[in-house]
Amino acid sequence: MKKKDKSSLLTFSAATAICLMGDSFLYIALPLYYKEVGLSALWQVGLLLALNRLIRIPLNPYISKLYHRLPVKTGMLVAIGLAALVTLGYSFAGTFLVWCLLRMIWGVSWSFLRIGGLLALVDLSEFSNHGQWVGLYNGIVRLGSFFGMAGGGVLVWLIGFHLTSLIFGGVMVLAFFVMIFTKVSARTQEAGVKPILMSPTKLQGDLGFYVIAGFTIALLSQGIFTASFSYLMAYHYGGELMLFDTLVEIAAIAGTIQAIRWLWEPFVAVAAGRSMDRSAGSAPSILPTVFVTALTGVMLLVSAPIIIWVLCALVYMLGFSWLTTIMDVRAASVKKSVAHSFIGVYTMWSDVGAAIGPIIVFLAFSIDGGIYGIFILKALILLWLGFKWHSHEKRDRALIAS
């Protein structure tokens with residue numbers, strides 16, 4: 001890989017991570033300080049945290065097509081500028097409607113960030129270490145979520161919500177100007193290759209399956225598991241636990257456990273990407289990964305000693321970190337002629353999966369035994385996905401870059 005290509009990828013991933021900090025700290029701060037920022041009920045918090053994802057669902061295919069004429073650097077500047085505007089706006093928002101507007105704008109920003117990053121990774125598909133770079137990109141991006149949650153939580157506690165928003169927004173403004181003066185590689189169309197623009201309904205065969213796989217992984221991990229983890233932990237161990245002679249709320253413990261995964265992402269994602277490189281782009285680890293992940297997911301239904309239960313949860317999250325990376329490697333390996341159509345539809349359906357997951361969770365939990373049914377169903381779906389994925393990996397992929 002050329003030095004300028006490496007620099008471009010690191011620039012895109014670092015910029016995305018910085019923008020994510022302003023979003024991630026809301027998941028810690030808003031439920032605690034919602035009255036301070038002009039909200040009146042917790043249901044408003046839930047809607048605001050979901051609204052940015054909902055707005056992305058119809059926008060993703062259009063932004064993907066827009067990138068056909070737009071340099072990735074320009075798209076990233078738009079994204080960073082919007083993210084900075086939104087994060088600074090959090091300090092001044094005083095009504096629910098203003099908050100809704102800001103969260104919708106953030107949804108637009110994230111679509112530009114996510115699609116721009118994946119399209120930049122498509123350009124690296126010719127290199128033998130492509131998977132490693134997809135993993136590194138994912139790892140750096142997820143560090144933004146960690147610092148947003150951990151650092152944001154500490155800053156809000158020390159200096160308050162409004163100043164924390166201003167600090168994060170200021171960092172994004174700085175990143176915007178750094179991006180302006182940073183030289184990045186421009187995306188170029190392959191010689192003699194005409195882009196193929198396909199509607200979501202025409203993505204069939206292997207590409208269609210990989211869209212389904214992306215939707216399923218997002219549904220099970222970002223949607224169902226993330227929404228249900230604290231509830232499931234409280235179901236087994238109650239609302240509080242005694243740790244080091246201190247009574248700690250289960251919500252704080254659950255949040256800390258989930259935040260741990262952002263720390264291992266740079267290592268796990270790179271390892272997953274390298275495993276794809278060693279196998280010439282295939283995914284030999286898919287079957288053992290889905291088996292272990294499905295098994296530990298079912299074990300979370302058992303009220304085991306807390307240490308064993310937490311270890312199962314960590315292995316479960318680790319499995320999804322691995323699956324998400326190898327899925328992104330596959331998505332970023334499409335030929336440039338179909339990249340815009342595929343990336344747009346892939347990101348759209350991933351957002352759909354993550355958005356409907358919490359709805360499915362709380363509908364299921366309202367039924368007697370629903371908590372067991374949803375986790376057993378998750379395990380069966382995951383095993384089905386693994387076997388289907390393994391089958392597709394063995395077939396000739398006409399629209400996947402070799």
# chains A, B, ... in the order shown; residues from 1 in each chain; ligands from 1
>>> residues_around(residues="stretch 160-168 of chain A", least_positions_apart="6", cutoff="7 Å", atoms="only C-alpha atoms", output="PyMOL selection string")
chain A and resi 22+87-88+90-91+152
>>> write_last_selection(atoms="C-alpha atoms", output="PDB file, in the first residue's frame")
ATOM      1  CA  GLY A  22     -19.931  13.759  20.448  1.00  0.00           C
ATOM      2  CA  THR A  87     -22.178  18.855  19.062  1.00  0.00           C
ATOM      3  CA  LEU A  88     -21.780  22.574  19.745  1.00  0.00           C
ATOM      4  CA  TYR A  90     -26.059  20.373  22.229  1.00  0.00           C
ATOM      5  CA  SER A  91     -24.838  23.119  24.573  1.00  0.00           C
ATOM      6  CA  GLY A 152     -17.583  12.186  28.289  1.00  0.00           C
TER       7      GLY A 152
END
>>> residues_around(residues="stretch 342-359 of chain A", least_positions_apart="2", cutoff="7 Å", atoms="only C-alpha atoms", output="list in words")
Ala50, Arg53, Leu54, Arg56, Ile57, Asn60, Pro61, Ser64, Ile115, Pro200, Val211, Gly214, Phe215, Thr216, Ala218, Leu219, Gln222, Gly223, Ile224, Ala227, Val338, Ala339, His340, Val361, Phe362 and Leu363 of chain A
>>> residues_around(residues="stretch 95-100 of chain A", least_positions_apart="2", cutoff="10 Å", atoms="only C-alpha atoms", output="list in words")
Val37, Gly38, Leu39, Ser40, Ala41, Gln44, Val45, Leu47, Leu48, Leu49, Leu51, Asn52, Val86, Gly89, Tyr90, Phe92, Ala93, Leu102, Arg103, Met104, Ile105 and Trp106 of chain A
>>> write_last_selection(atoms="N, CA and C atoms", output="short mmCIF file (atom, residue, chain, number, x, y, z; two decimals), in the first residue's frame")
data_model
loop_
_atom_site.label_atom_id
_atom_site.label_comp_id
_atom_site.auth_asym_id
_atom_site.auth_seq_id
_atom_site.Cartn_x
_atom_site.Cartn_y
_atom_site.Cartn_z
N VAL A 37 -31.07 19.73 30.15
CA VAL A 37 -30.89 20.18 28.77
C VAL A 37 -32.22 20.46 28.06
N GLY A 38 -33.31 20.54 28.83
CA GLY A 38 -34.58 20.96 28.24
C GLY A 38 -35.55 19.86 27.90
N LEU A 39 -35.26 18.63 28.31
CA LEU A 39 -36.18 17.52 28.05
C LEU A 39 -37.03 17.28 29.30
N SER A 40 -38.17 16.64 29.09
CA SER A 40 -39.10 16.48 30.20
C SER A 40 -39.38 15.04 30.57
N ALA A 41 -38.98 14.06 29.72
CA ALA A 41 -39.30 12.67 30.00
C ALA A 41 -38.25 11.75 29.40
N GLN A 44 -38.39 10.73 25.69
CA GLN A 44 -37.77 11.65 24.74
C GLN A 44 -36.30 11.31 24.52
N VAL A 45 -35.63 10.89 25.60
CA VAL A 45 -34.24 10.48 25.49
C VAL A 45 -34.12 9.28 24.56
N LEU A 47 -36.14 8.29 22.19
CA LEU A 47 -36.41 8.67 20.80
C LEU A 47 -35.23 9.41 20.19
N LEU A 48 -34.63 10.31 20.94
CA LEU A 48 -33.50 11.08 20.43
C LEU A 48 -32.31 10.20 20.10
N LEU A 49 -32.06 9.19 20.95
CA LEU A 49 -30.93 8.30 20.71
C LEU A 49 -31.17 7.38 19.52
N LEU A 51 -33.28 8.46 16.85
CA LEU A 51 -33.71 9.26 15.71
C LEU A 51 -32.63 9.37 14.64
N ASN A 52 -31.38 9.53 15.05
CA ASN A 52 -30.31 9.66 14.06
C ASN A 52 -30.19 8.42 13.20
N VAL A 86 -23.53 20.16 15.24
CA VAL A 86 -24.48 19.46 16.09
C VAL A 86 -23.97 19.40 17.53
N GLY A 89 -24.14 22.53 19.18
CA GLY A 89 -25.55 22.84 19.38
C GLY A 89 -26.14 22.18 20.61
N TYR A 90 -25.57 21.03 21.02
CA TYR A 90 -26.06 20.37 22.23
C TYR A 90 -25.98 21.31 23.44
N PHE A 92 -26.62 24.41 23.54
CA PHE A 92 -27.60 25.49 23.50
C PHE A 92 -29.03 25.00 23.30
N ALA A 93 -29.19 23.71 22.99
CA ALA A 93 -30.53 23.18 22.75
C ALA A 93 -31.34 23.24 24.04
N LEU A 102 -31.25 18.49 15.78
CA LEU A 102 -29.82 18.21 15.91
C LEU A 102 -29.51 16.73 15.69
N ARG A 103 -30.34 15.86 16.23
CA ARG A 103 -30.09 14.42 16.07
C ARG A 103 -30.29 13.97 14.62
N MET A 104 -31.22 14.60 13.92
CA MET A 104 -31.40 14.26 12.50
C MET A 104 -30.21 14.73 11.68
N ILE A 105 -29.67 15.90 12.00
CA ILE A 105 -28.48 16.38 11.29
C ILE A 105 -27.30 15.46 11.56
N TRP A 106 -27.18 14.99 12.81
CA TRP A 106 -26.12 14.04 13.10
C TRP A 106 -26.29 12.76 12.28
#
>>> atom_distance(atom1="atom CA of A:Ser13", atom2="atom CA of A:Thr74")
14.9 Å
>>> residues_around(residues="stretch 10-12 of chain A", least_positions_apart="2", cutoff="10 Å", atoms="only C-alpha atoms", output="ChimeraX atom specification")
/A:4-8,14-17,72-73,76,113-114,116-117,120,133,136-137,140-141,175,178-179,182-184
>>> atom_distance(atom1="atom CA of A:Trp110", atom2="atom CA of A:Tyr210")
21.4 Å
>>> atom_distance(atom1="atom CA of A:Val134", atom2="atom CA of A:Thr325")
7.3 Å
>>> residues_around(residues="A:Ile28", least_positions_apart="2", cutoff="8 Å", atoms="only C-alpha atoms", output="list of chain:residue names")
A:Ser24, A:Phe25, A:Leu26, A:Leu30, A:Pro31, A:Leu32, A:Met149, A:Gly152, A:Gly153
>>> write_last_selection(atoms="N, CA and C atoms", output="compact mmCIF listing (two decimals), in the first residue's frame")
# COMPACT_ATOMS: atom_id res chain seq x y z
N SER A 24 -21.41 9.52 21.21
CA SER A 24 -21.34 8.46 22.21
C SER A 24 -21.55 8.97 23.63
N PHE A 25 -21.07 10.18 23.93
CA PHE A 25 -21.20 10.64 25.31
C PHE A 25 -22.65 10.90 25.69
N LEU A 26 -23.51 11.08 24.66
CA LEU A 26 -24.94 11.28 24.95
C LEU A 26 -25.56 10.04 25.59
N LEU A 30 -27.25 11.82 28.61
CA LEU A 30 -28.66 12.23 28.46
C LEU A 30 -29.60 11.56 29.45
N PRO A 31 -29.49 10.25 29.70
CA PRO A 31 -30.42 9.65 30.67
C PRO A 31 -30.30 10.25 32.07
N LEU A 32 -29.16 10.84 32.39
CA LEU A 32 -28.95 11.40 33.73
C LEU A 32 -29.24 12.90 33.80
N MET A 149 -17.72 7.79 25.54
CA MET A 149 -18.45 7.28 26.70
C MET A 149 -17.68 7.48 28.00
N GLY A 152 -16.41 11.34 28.17
CA GLY A 152 -17.58 12.19 28.29
C GLY A 152 -18.26 12.04 29.63
N GLY A 153 -18.32 10.79 30.13
CA GLY A 153 -18.94 10.58 31.43
C GLY A 153 -18.18 11.28 32.55
>>> closest_residue(among="A:Ser341, A:Gln258, A:Ser275, A:Gln132", to="A:Val310", atoms="only C-alpha atoms")
A:Gln258
>>> residues_around(residues="A:Leu143", least_positions_apart="2", cutoff="8 Å", atoms="only C-alpha atoms", output="PyMOL selection string")
chain A and resi 17+139-141+145-147+262-263+265-266
>>> closest_residue(among="A:Ser228, A:Asn138, A:Ser111, A:Thr293", to="A:Ile360", atoms="only C-alpha atoms")
A:Ser228
>>> residues_around(residues="A:Gly144", least_positions_apart="4", cutoff="6 Å", atoms="only C-alpha atoms", output="short mmCIF file (atom, residue, chain, number, x, y, z; two decimals) with C-alpha atoms, in the first residue's frame")
data_model
loop_
_atom_site.label_atom_id
_atom_site.label_comp_id
_atom_site.auth_asym_id
_atom_site.auth_seq_id
_atom_site.Cartn_x
_atom_site.Cartn_y
_atom_site.Cartn_z
CA ALA A 17 -13.57 8.56 15.66
CA ILE A 18 -13.47 12.22 16.71
CA LEU A 20 -18.29 9.74 17.18
CA MET A 21 -17.20 11.12 20.54
CA GLY A 148 -16.86 9.53 24.09
#
